[in-house]
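Q: Sharing coords_17.txt below, compact mmCIF, C-alpha atoms and all ligand atoms:
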# COMPACT_ATOMS: atom_id res chain seq x y z
CA MET A 1331 15.55 -7.77 -15.69
CA LEU A 1332 12.48 -6.00 -17.09
CA CYS A 1333 9.32 -7.81 -15.95
CA SER A 1334 7.72 -9.58 -18.87
CA ARG A 1335 4.45 -8.17 -17.46
CA ILE A 1336 5.64 -4.70 -18.42
CA SER A 1337 4.95 -4.22 -22.07
CA LYS A 1338 2.89 -1.54 -23.74
CA MET A 1339 2.25 1.71 -21.96
CA GLU A 1340 -1.53 1.46 -22.41
CA GLU A 1341 -1.34 -1.31 -19.88
CA THR A 1342 -0.04 0.72 -16.91
CA ILE A 1343 1.16 -2.04 -14.59
CA LEU A 1344 0.49 -2.03 -10.85
CA LEU A 1345 3.70 -2.93 -9.02
CA SER A 1346 4.24 -3.70 -5.36
CA GLY A 1347 6.99 -2.39 -3.07
CA SER A 1348 8.88 -5.71 -3.28
CA PRO A 1349 12.60 -5.57 -4.16
CA GLU A 1350 11.89 -7.21 -7.55
CA ASP A 1351 9.17 -4.70 -8.41
CA ILE A 1352 11.26 -1.72 -7.29
CA ALA A 1353 14.08 -3.01 -9.53
CA ALA A 1354 11.63 -3.32 -12.43
CA ALA A 1355 10.36 0.24 -11.81
CA SER A 1356 13.93 1.50 -11.69
CA GLU A 1357 14.69 -0.12 -15.02
CA LEU A 1358 11.65 1.60 -16.52
CA ILE A 1359 12.88 4.94 -15.16
CA ARG A 1360 16.45 4.43 -16.37
CA ASN A 1361 15.01 3.60 -19.82
CA GLY A 1362 13.25 6.98 -19.97
CA ASN A 1363 9.75 5.99 -18.84
CA VAL A 1364 7.39 7.51 -16.25
CA VAL A 1365 6.33 5.59 -13.13
CA GLY A 1366 3.80 6.49 -10.42
CA ILE A 1367 5.73 6.48 -7.14
CA PRO A 1368 4.76 6.50 -3.47
CA THR A 1369 6.20 9.14 -1.16
CA GLU A 1370 5.43 10.10 2.42
CA THR A 1371 3.71 13.32 1.25
CA VAL A 1372 1.66 12.38 -1.83
CA TYR A 1373 2.22 10.09 -4.83
CA GLY A 1374 4.47 11.42 -7.59
CA LEU A 1375 5.06 10.82 -11.31
CA GLY A 1376 8.72 9.91 -11.46
CA ALA A 1377 11.20 10.03 -14.35
CA ASP A 1378 14.98 10.39 -14.79
CA ALA A 1379 15.55 14.02 -13.72
CA LEU A 1380 18.56 14.40 -16.01
CA ASN A 1381 16.89 13.04 -19.18
CA PRO A 1382 14.92 15.80 -20.97
CA ASP A 1383 12.90 13.39 -23.11
CA ALA A 1384 11.83 11.38 -20.07
CA VAL A 1385 10.87 14.56 -18.19
CA LYS A 1386 8.77 15.78 -21.14
CA LYS A 1387 6.66 12.63 -20.77
CA ILE A 1388 5.73 13.72 -17.23
CA PHE A 1389 4.42 17.06 -18.52
CA ALA A 1390 2.45 15.28 -21.26
CA ALA A 1391 0.89 12.74 -18.86
CA LYS A 1392 -0.19 15.46 -16.39
CA GLY A 1393 -1.16 18.11 -18.89
CA ARG A 1394 1.19 20.40 -16.96
CA PRO A 1395 2.34 23.81 -18.28
CA ALA A 1396 6.00 23.52 -19.38
CA ASP A 1397 7.07 26.52 -17.26
CA ASN A 1398 6.13 24.80 -13.96
CA PRO A 1399 9.36 23.20 -12.64
CA LEU A 1400 9.68 19.72 -11.15
CA ILE A 1401 11.18 18.81 -7.79
CA VAL A 1402 14.28 16.60 -8.03
CA HIS A 1403 14.32 13.76 -5.48
CA ILE A 1404 17.69 12.59 -4.22
CA TYR A 1405 19.06 9.66 -2.22
CA ASN A 1406 22.00 11.23 -0.37
CA ILE A 1407 23.40 14.64 0.50
CA GLU A 1408 26.35 14.26 -1.95
CA GLN A 1409 23.87 14.55 -4.82
CA VAL A 1410 23.02 18.14 -3.83
CA GLN A 1411 26.32 19.50 -5.16
CA ILE A 1412 25.88 17.67 -8.45
CA LEU A 1413 22.55 19.41 -9.00
CA GLY A 1414 23.13 22.90 -7.61
CA HIS A 1415 25.58 25.56 -6.47
CA ASP A 1416 25.86 28.56 -4.11
CA ILE A 1417 24.34 26.47 -1.36
CA PRO A 1418 23.98 28.36 1.96
CA ASP A 1419 25.07 26.69 5.22
CA LEU A 1420 21.46 26.93 6.35
CA PHE A 1421 20.52 24.51 3.55
CA TYR A 1422 22.74 21.87 5.15
CA HIS A 1423 21.43 22.59 8.66
CA LEU A 1424 17.87 22.16 7.44
CA ALA A 1425 18.81 19.01 5.51
CA GLU A 1426 20.32 17.54 8.64
CA LYS A 1427 17.21 18.29 10.66
CA PHE A 1428 14.41 17.53 8.19
CA TRP A 1429 15.79 15.10 5.56
CA PRO A 1430 14.82 12.54 4.64
CA GLY A 1431 11.36 14.14 4.84
CA PRO A 1432 8.77 16.57 3.47
CA LEU A 1433 10.96 19.62 2.77
CA THR A 1434 11.94 20.94 -0.69
CA MET A 1435 14.71 23.54 -0.91
CA ILE A 1436 15.39 25.73 -3.94
CA ILE A 1437 18.96 26.62 -4.97
CA PRO A 1438 20.69 27.82 -8.18
CA LYS A 1439 20.94 24.88 -10.58
CA ASN A 1440 23.93 23.38 -12.37
CA ASP A 1441 23.90 22.79 -16.15
CA ILE A 1442 23.40 19.05 -15.60
CA VAL A 1443 19.75 19.78 -14.68
CA PRO A 1444 17.91 20.17 -18.00
CA ALA A 1445 15.74 23.23 -18.65
CA GLU A 1446 12.81 20.82 -19.09
CA THR A 1447 13.14 19.78 -15.44
CA SER A 1448 13.55 23.32 -14.09
CA GLY A 1449 10.76 24.76 -16.22
CA GLY A 1450 13.34 27.07 -17.81
CA LEU A 1451 14.34 28.60 -14.44
CA ASP A 1452 17.96 28.82 -13.31
CA THR A 1453 17.08 27.19 -9.98
CA VAL A 1454 16.19 23.67 -8.89
CA GLY A 1455 14.00 22.40 -6.03
CA ILE A 1456 15.56 19.42 -4.23
CA ARG A 1457 14.02 16.99 -1.77
CA MET A 1458 15.20 13.80 -0.07
CA PRO A 1459 12.05 11.76 0.57
CA SER A 1460 11.75 9.30 3.46
CA HIS A 1461 9.38 6.67 2.08
CA THR A 1462 11.44 3.46 2.07
CA VAL A 1463 10.21 2.30 -1.35
CA MET A 1464 10.97 5.68 -2.87
CA ARG A 1465 14.41 5.76 -1.27
CA GLU A 1466 15.31 2.38 -2.72
CA LEU A 1467 14.00 3.45 -6.12
CA ILE A 1468 16.18 6.58 -6.13
CA ARG A 1469 19.21 4.63 -4.89
CA LEU A 1470 18.87 2.37 -7.94
CA SER A 1471 17.85 5.05 -10.46
CA GLY A 1472 19.73 8.28 -9.62
CA PRO A 1473 17.91 11.62 -9.16
CA VAL A 1474 14.19 11.33 -9.93
CA ALA A 1475 12.09 14.31 -11.02
CA ALA A 1476 8.54 14.04 -9.73
CA PRO A 1477 5.53 16.32 -9.49
CA SER A 1478 2.40 15.13 -7.68
CA ALA A 1479 0.78 12.37 -9.75
CA ASN A 1480 -2.62 14.04 -10.27
CA ARG A 1481 -3.94 15.42 -13.52
CA SER A 1482 -2.93 19.09 -13.55
CA GLY A 1483 -5.25 21.16 -11.33
CA TYR A 1484 -6.87 18.14 -9.64
CA PRO A 1485 -6.31 17.09 -5.95
CA SER A 1486 -3.00 15.29 -5.36
CA PRO A 1487 -3.14 11.48 -5.03
CA THR A 1488 -2.50 9.89 -1.66
CA ALA A 1489 -3.03 6.26 -2.70
CA ALA A 1490 -1.97 4.10 -5.67
CA GLY A 1491 -5.63 3.77 -6.74
CA HIS A 1492 -5.87 7.57 -7.14
CA VAL A 1493 -2.84 7.53 -9.46
CA MET A 1494 -4.29 4.67 -11.50
CA ARG A 1495 -7.52 6.59 -11.95
CA ASP A 1496 -5.77 9.73 -13.16
CA MET A 1497 -2.93 8.15 -15.15
CA LYS A 1498 -4.02 4.74 -16.46
CA GLY A 1499 -2.81 4.36 -20.04
CA LYS A 1500 -0.60 7.47 -19.76
CA ILE A 1501 2.36 6.06 -17.79
CA SER A 1502 4.20 2.74 -17.66
CA ALA A 1503 3.54 1.61 -14.08
CA VAL A 1504 2.41 2.60 -10.60
CA ILE A 1505 4.09 1.31 -7.44
CA ASP A 1506 1.67 0.71 -4.58
CA GLY A 1507 3.46 1.85 -1.44
CA GLY A 1508 0.35 2.25 0.73
CA GLU A 1509 -1.43 5.43 1.80
CA SER A 1510 0.77 8.54 1.93
CA ARG A 1511 1.57 9.32 5.55
CA PHE A 1512 1.35 13.13 5.54
CA GLY A 1513 -1.21 13.64 2.76
CA VAL A 1514 -0.13 17.15 1.68
CA GLU A 1515 2.83 17.94 -0.56
CA SER A 1516 6.21 18.97 0.85
CA THR A 1517 6.98 22.39 2.26
CA VAL A 1518 8.77 24.37 -0.49
CA ILE A 1519 11.27 27.03 0.59
CA SER A 1520 13.77 29.37 -1.03
CA PHE A 1521 16.52 31.41 0.63
CA ASP A 1522 16.07 35.20 0.81
CA SER A 1523 19.49 35.49 2.45
CA GLU A 1524 21.99 33.33 4.37
CA ASN A 1525 19.66 33.08 7.38
CA THR A 1526 16.20 33.85 6.04
CA VAL A 1527 13.97 31.32 4.38
CA ARG A 1528 10.79 32.04 2.45
CA ILE A 1529 7.96 29.51 2.47
CA LEU A 1530 6.56 29.23 -1.05
CA ARG A 1531 4.26 26.33 -0.22
CA PRO A 1532 3.38 25.29 3.36
CA GLY A 1533 3.58 21.61 4.30
CA SER A 1534 4.30 19.28 7.18
CA VAL A 1535 7.62 20.97 7.98
CA THR A 1536 6.03 24.06 9.50
CA ALA A 1537 7.14 27.69 9.85
CA GLU A 1538 7.52 27.05 13.58
CA MET A 1539 9.84 24.08 12.90
CA LEU A 1540 11.94 26.04 10.36
CA LEU A 1541 12.41 28.83 12.92
CA GLU A 1542 14.36 26.37 15.07
CA CYS A 1543 17.17 26.60 12.45
CA ALA A 1544 16.62 29.88 10.57
CA ASP A 1545 16.79 33.42 12.03
CA ASN A 1546 13.79 34.47 9.97
CA VAL A 1547 10.99 32.67 8.20
CA VAL A 1548 8.88 34.64 5.73
CA VAL A 1549 5.52 33.19 4.70
CA ASP A 1550 5.05 34.33 1.11
CA ASP A 1551 1.93 36.45 0.44
CA ALA A 1552 0.70 34.04 -2.21
CA ILE A 1553 0.08 31.36 0.40
CA LEU A 1554 -2.98 33.14 1.77
CA ASN A 1555 -3.86 35.43 -1.15
CA ASP A 1556 -4.37 35.01 -4.85
CA ILE A 1557 -1.18 36.11 -6.60
CA ALA A 1558 -1.41 39.79 -7.59
CA ALA A 1559 -1.72 40.28 -11.36
CA ASP A 1560 1.32 42.58 -11.45
CA ARG A 1561 3.58 40.30 -9.39
CA LYS A 1562 5.96 37.71 -10.85
CA ALA A 1563 5.25 34.44 -9.01
CA PRO A 1564 8.30 33.31 -6.99
CA SER A 1565 7.09 29.76 -7.59
CA PRO A 1566 5.37 29.11 -10.92
CA GLY A 1567 2.91 26.68 -9.28
CA MET A 1568 1.34 29.67 -7.50
CA LYS A 1569 -0.09 30.93 -10.79
CA TYR A 1570 -2.12 27.86 -11.58
CA LYS A 1571 -5.48 26.67 -10.34
CA HIS A 1572 -4.93 23.78 -7.97
CA TYR A 1573 -6.47 20.99 -5.98
CA SER A 1574 -9.91 21.57 -7.42
CA PRO A 1575 -12.38 18.76 -7.40
CA LYS A 1576 -15.32 19.08 -9.79
CA ALA A 1577 -17.50 20.29 -6.93
CA ASP A 1578 -17.70 23.96 -6.04
CA VAL A 1579 -15.75 24.21 -2.74
CA LYS A 1580 -16.66 26.91 -0.19
CA ILE A 1581 -14.69 27.52 3.01
CA ILE A 1582 -16.94 28.54 5.91
CA GLU A 1583 -15.24 30.32 8.79
CA GLY A 1584 -17.04 30.56 12.13
CA ASN A 1585 -18.27 28.40 15.00
CA PHE A 1586 -20.14 25.15 14.36
CA ASP A 1587 -23.58 26.52 15.28
CA ASN A 1588 -23.24 29.34 12.77
CA PHE A 1589 -21.83 26.88 10.22
CA CYS A 1590 -24.97 24.74 10.63
CA LYS A 1591 -27.30 27.73 10.39
CA TYR A 1592 -25.62 28.77 7.14
CA VAL A 1593 -25.41 25.41 5.41
CA ASN A 1594 -28.85 24.20 6.56
CA SER A 1595 -30.37 27.11 4.62
CA HIS A 1596 -29.01 25.57 1.41
CA GLU A 1597 -31.38 22.96 0.18
CA GLU A 1598 -30.08 22.42 -3.36
CA GLN A 1599 -29.33 18.95 -4.67
CA ASN A 1600 -25.96 17.36 -4.02
CA VAL A 1601 -24.79 19.73 -1.31
CA PHE A 1602 -22.27 18.20 1.08
CA CYS A 1603 -20.42 19.37 4.18
CA LEU A 1604 -16.87 18.50 5.12
CA VAL A 1605 -16.59 18.91 8.88
CA PHE A 1606 -14.42 17.85 11.82
CA ASP A 1607 -14.63 14.41 13.44
CA ASP A 1608 -15.80 15.89 16.73
CA ASP A 1609 -18.53 18.16 15.29
CA ASP A 1610 -22.10 17.29 16.33
CA THR A 1611 -23.23 16.13 12.89
CA ASP A 1612 -26.82 15.50 14.10
CA LYS A 1613 -27.27 19.25 13.60
CA LEU A 1614 -26.61 19.02 9.85
CA LYS A 1615 -29.45 18.64 7.39
CA CYS A 1616 -27.28 17.84 4.35
CA ARG A 1617 -24.97 14.90 3.69
CA PHE A 1618 -21.52 15.19 5.20
CA MET A 1619 -18.05 13.70 5.50
CA THR A 1620 -15.48 14.30 8.21
CA TYR A 1621 -11.81 14.98 7.61
CA GLY A 1622 -10.16 14.71 11.01
CA CYS A 1623 -10.04 16.63 14.26
CA ASP A 1624 -6.44 17.89 14.33
CA SER A 1625 -4.27 19.47 11.63
CA GLU A 1626 -2.23 16.31 11.01
CA SER A 1627 -5.26 14.10 10.42
CA GLN A 1628 -6.91 16.81 8.31
CA ALA A 1629 -3.79 16.98 6.14
CA HIS A 1630 -3.76 13.20 5.87
CA ASN A 1631 -7.42 13.01 4.77
CA LEU A 1632 -8.14 16.20 2.81
CA PHE A 1633 -7.25 15.16 -0.75
CA SER A 1634 -8.83 11.74 -0.54
CA ARG A 1635 -12.05 13.28 0.82
CA LEU A 1636 -12.15 15.77 -2.07
CA ARG A 1637 -11.83 12.83 -4.47
CA GLU A 1638 -14.54 10.84 -2.65
CA LEU A 1639 -16.87 13.86 -2.85
CA ASP A 1640 -16.37 13.93 -6.62
CA ASP A 1641 -17.19 10.24 -6.80
CA LEU A 1642 -20.47 11.06 -5.04
CA ASN A 1643 -21.16 13.80 -7.61
CA ALA A 1644 -21.13 16.53 -5.00
CA ALA A 1645 -22.07 19.81 -6.67
CA LYS A 1646 -21.22 22.06 -3.73
CA VAL A 1647 -19.07 21.34 -0.66
CA PHE A 1648 -19.12 23.55 2.45
CA VAL A 1649 -15.91 22.99 4.39
CA ARG A 1650 -15.26 23.83 8.04
CA SER A 1651 -12.26 26.15 8.03
CA PRO A 1652 -9.19 24.51 9.64
CA GLU A 1653 -6.71 26.08 12.07
CA LYS A 1654 -4.15 28.24 10.28
CA ASP A 1655 -1.01 27.52 12.23
CA GLY A 1656 1.37 24.56 12.17
CA VAL A 1657 0.39 21.94 9.59
CA GLY A 1658 -3.04 23.64 9.54
CA LEU A 1659 -1.54 26.35 7.32
CA ALA A 1660 -0.88 23.70 4.64
CA VAL A 1661 -4.45 22.39 4.93
CA TYR A 1662 -5.89 25.91 4.76
CA ASN A 1663 -3.68 26.82 1.77
CA ARG A 1664 -4.85 23.77 -0.24
CA LEU A 1665 -8.48 24.53 0.63
CA LEU A 1666 -8.09 28.21 -0.32
CA ARG A 1667 -6.83 27.14 -3.73
CA ALA A 1668 -9.60 24.57 -4.14
CA ALA A 1669 -12.08 27.35 -3.28
CA GLY A 1670 -10.49 29.98 -5.52
CA PHE A 1671 -9.49 31.97 -2.37
CA GLU A 1672 -13.10 32.65 -1.41
CA VAL A 1673 -13.95 32.41 2.31
CA ILE A 1674 -17.44 32.90 3.74
CA ARG A 1675 -17.45 34.25 7.32
CA VAL A 1676 -20.49 33.31 9.42
O1 LIG B 1701 5.66 16.44 -1.74
C1 LIG B 1701 5.96 16.86 -2.85
O2 LIG B 1701 6.62 17.90 -3.01
C2 LIG B 1701 5.49 16.04 -4.06
C3 LIG B 1701 6.16 14.67 -4.00
C4 LIG B 1701 5.89 13.83 -5.22
O3 LIG B 1701 7.53 14.82 -3.78
N1 LIG B 1701 5.79 16.75 -5.28
C5 LIG B 1701 5.11 17.85 -5.66
O4 LIG B 1701 5.51 18.37 -6.86
O5 LIG B 1701 4.21 18.33 -5.00
P1 LIG B 1701 4.63 19.45 -7.68
O6 LIG B 1701 5.33 19.59 -8.96
O7 LIG B 1701 3.22 18.99 -7.74
O8 LIG B 1701 4.76 20.75 -6.86
C6 LIG B 1701 6.02 21.40 -6.78
C7 LIG B 1701 5.84 22.87 -6.57
C8 LIG B 1701 5.25 23.56 -7.77
O9 LIG B 1701 4.32 24.53 -7.33
C9 LIG B 1701 6.44 24.23 -8.44
O10 LIG B 1701 6.09 25.42 -9.10
C10 LIG B 1701 7.36 24.48 -7.24
O11 LIG B 1701 7.13 23.43 -6.35
N2 LIG B 1701 8.77 24.46 -7.65
C11 LIG B 1701 9.52 23.41 -8.06
N3 LIG B 1701 10.75 23.80 -8.42
C12 LIG B 1701 10.81 25.14 -8.21
C13 LIG B 1701 11.79 26.15 -8.42
N4 LIG B 1701 13.00 25.85 -8.91
N5 LIG B 1701 11.48 27.44 -8.13
C14 LIG B 1701 10.25 27.76 -7.65
N6 LIG B 1701 9.27 26.86 -7.44
C15 LIG B 1701 9.53 25.57 -7.72
MG MG B 1702 1.22 19.23 -7.61
What's the structure tokens form of this structure?

A:
Amino acid sequence: MLCSRISKMEETILLSGSPEDIAAASELIRNGNVVGIPTETVYGLGADALNPDAVKKIFAAKGRPADNPLIVHIYNIEQVQILGHDIPDLFYHLAEKFWPGPLTMIIPKNDIVPAETSGGLDTVGIRMPSHTVMRELIRLSGPVAAPSANRSGYPSPTAAGHVMRDMKGKISAVIDGGESRFGVESTVISFDSENTVRILRPGSVTAEMLLECADNVVVDDAILNDIAADRKAPSPGMKYKHYSPKADVKIIEGNFDNFCKYVNSHEEQNVFCLVFDDDDTDKLKCRFMTYGCDSESQAHNLFSRLRELDDLNAAKVFVRSPEKDGVGLAVYNRLLRAAGFEVIRV
């Protein structure tokens, strides 16, 4: 039942979340094509996780290095044992508490997962997303491999329009499932031991929340620091430049008065500030945008603001440093990477 509208790839079709359009998207995926898909974290580029040729198309569309593995998205808990083995009890406890939702867990992979999907690693990252459109798509299609749907290195997309802008002509279709609820990618964890998890990428399932199930939660060094040259990255994504808009992003840490004093001394062209909703913006001399007043709203807005700033040709963006606990750690981590880990203290 392939929509007659869906023909050549150059025409990247915009689909809705209707049952007919989800069925059409699923047929595209089962036939080895790539589709832009909505999830509750960010939009993804989805393909059949078990089909190496389909997965290669994701890497080509994104311009992603082949050694950076893809997360496999599943519909039900039974699919975990098809994909991986040596699964600790803690995995199931966390799945019960946080799935469907924004948590990716890494376990040793089974042979059924192609090396293309796992970036040549012997592990696989698995996530059960909660977005209803995505769930229906996976139910119809089987496990779906999906990285964030941005061009490699660029901010992740949180709306179908962002995906269209980055991927038009490179993929078969995009499903519009509305704005992504959380706005930052899933929390990625691995297991150091039976009862210790390691956070490789912070997200909306926070360290504090994981501690309700695990005895220990280790926040990997690479979350707050550039990965040391002599260290093998526990997650290949840590090695690559990320989330960078065209503008030069600077994180400014300090109170709002000192922030203003610092940024108001910069009178170059196209300087912008990204501040909190409740900051007294009358004190700013340059143009500004706001990105929320609590960690959840900042997570929700961050990537779309970075894209809007690019659209305005911002050359430099001074960002108010967010809180670093809870979901704030995810916001801070994405900003650190956008800023090349440089923080200015005022
Ligand atoms: O919320 C999300 O996780 C989104 C949506 C679409 O589900 N996906 C996403 O995928 O952010 P991606 O590929 O942009 O980021 C996945 C990160 C990468 O940094 C990758 O290196 C890491 O997870 N990763 C995936 N599988 C891994 C594995 N087996 N071992 C270590 N790191 C892994
Ligand atoms: Mg990504």

Q: Ligand LIG 1701 (chain B): which residues are within 6 Å, counting all atoms listed in the file? Reply as a list in words.

A: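 Final answer, ordered by chain and number: Thr1371, Val1372, Tyr1373, Gly1374, Asn1398, Pro1399, Leu1400, Ile1401, Ile1436, Ser1448, Thr1453, Val1454, Gly1455, Ala1476, Pro1477, Ser1478, Glu1515, Ser1516, Pro1564, Ser1565, Pro1566, Gly1567 and Met1568 of chain A.
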
Q: So what do you get for atom CA of Ala1396 of chain A versus atom CA of Gly1449 of chain A, distance-wise?

A: 5.8 Å

Q: In terms of the shortest atom-to-atom distance over only C-alpha atoms, which of A:Asn1585, A:Ser1534, A:Ser1651, A:Ser1523 is closest to Phe1421 of chain A?

A: A:Ser1523

Q: Find, counting only C-alpha atoms, the residue in A:Arg1457, A:Arg1465, A:Lys1427, A:His1415 that gets nearest to Ile1367 of chain A.

A: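 Closest to Ile1367 of chain A, using only C-alpha atoms: A:Arg1465.
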
Q: To one decimal place, how far is atom CA of Trp1429 of chain A from atom CA of Ser1348 of chain A in Å?

A: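 Computed distance, atom CA of Trp1429 of chain A to atom CA of Ser1348 of chain A, equals 23.6 Å.
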
Q: What is the atom CA of Asn1363 of chain A-atom CA of Leu1375 of chain A distance in Å, reported with one decimal?

A: 10.1 Å

Q: Between A:Thr1517, A:Asn1440, A:Gln1409, A:Thr1488, which has the minimum distance to Arg1469 of chain A (counting all atoms listed in the file)?

A: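 Between A:Thr1517, A:Asn1440, A:Gln1409, A:Thr1488, the residue approaching Arg1469 of chain A most closely is A:Gln1409.
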
Q: When you count only C-alpha atoms and all ligand atoms, which of these residues is closest to ligand MG 1702 (chain B): A:Asn1361, A:Ser1574, A:Thr1462, A:Thr1536?

A: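 Using only C-alpha atoms and all ligand atoms, ligand MG 1702 (chain B) sits closest to A:Ser1574.
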
Q: Rank nothing, just name the residue among A:Pro1432, A:Gly1376, A:Gly1362, A:Gly1483 nearest to ligand MG 1702 (chain B), using all atoms listed in the file.

A: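 Looking at the shortest contact to ligand MG 1702 (chain B), the residue is A:Gly1483.
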
Q: Per residue of segment 1638-1658 of chain A within 7 Å of segment 1662-1673 of chain A, which atom pair is closest and at what distance in Å (one decimal), using all atoms listed in the file, listed by chain and increasing number, as JSON lines?

A:
{"residue": "A:Pro1652", "atom": "CA", "partner": "A:Tyr1662", "partner_atom": "CA", "distance": 6.1}
{"residue": "A:Lys1654", "atom": "CA", "partner": "A:Tyr1662", "partner_atom": "CA", "distance": 6.2}
{"residue": "A:Gly1658", "atom": "CA", "partner": "A:Tyr1662", "partner_atom": "CA", "distance": 6.0}

Q: Which residue gives the smallest distance to Glu1542 of chain A among A:Asp1587, A:Asn1480, A:Arg1511, A:Leu1424, with only C-alpha atoms counted?

A: A:Leu1424

Q: As lines of an AutoDock Vina configuration file, what would the box around segment 1632-1640 of chain A look like: edges along x, y and z, 8 Å added on every side, centre and edge lengths in Å to one decimal?

A:
center_x = -12.1
center_y = 13.5
center_z = -1.9
size_x = 25.6
size_y = 21.4
size_z = 25.4
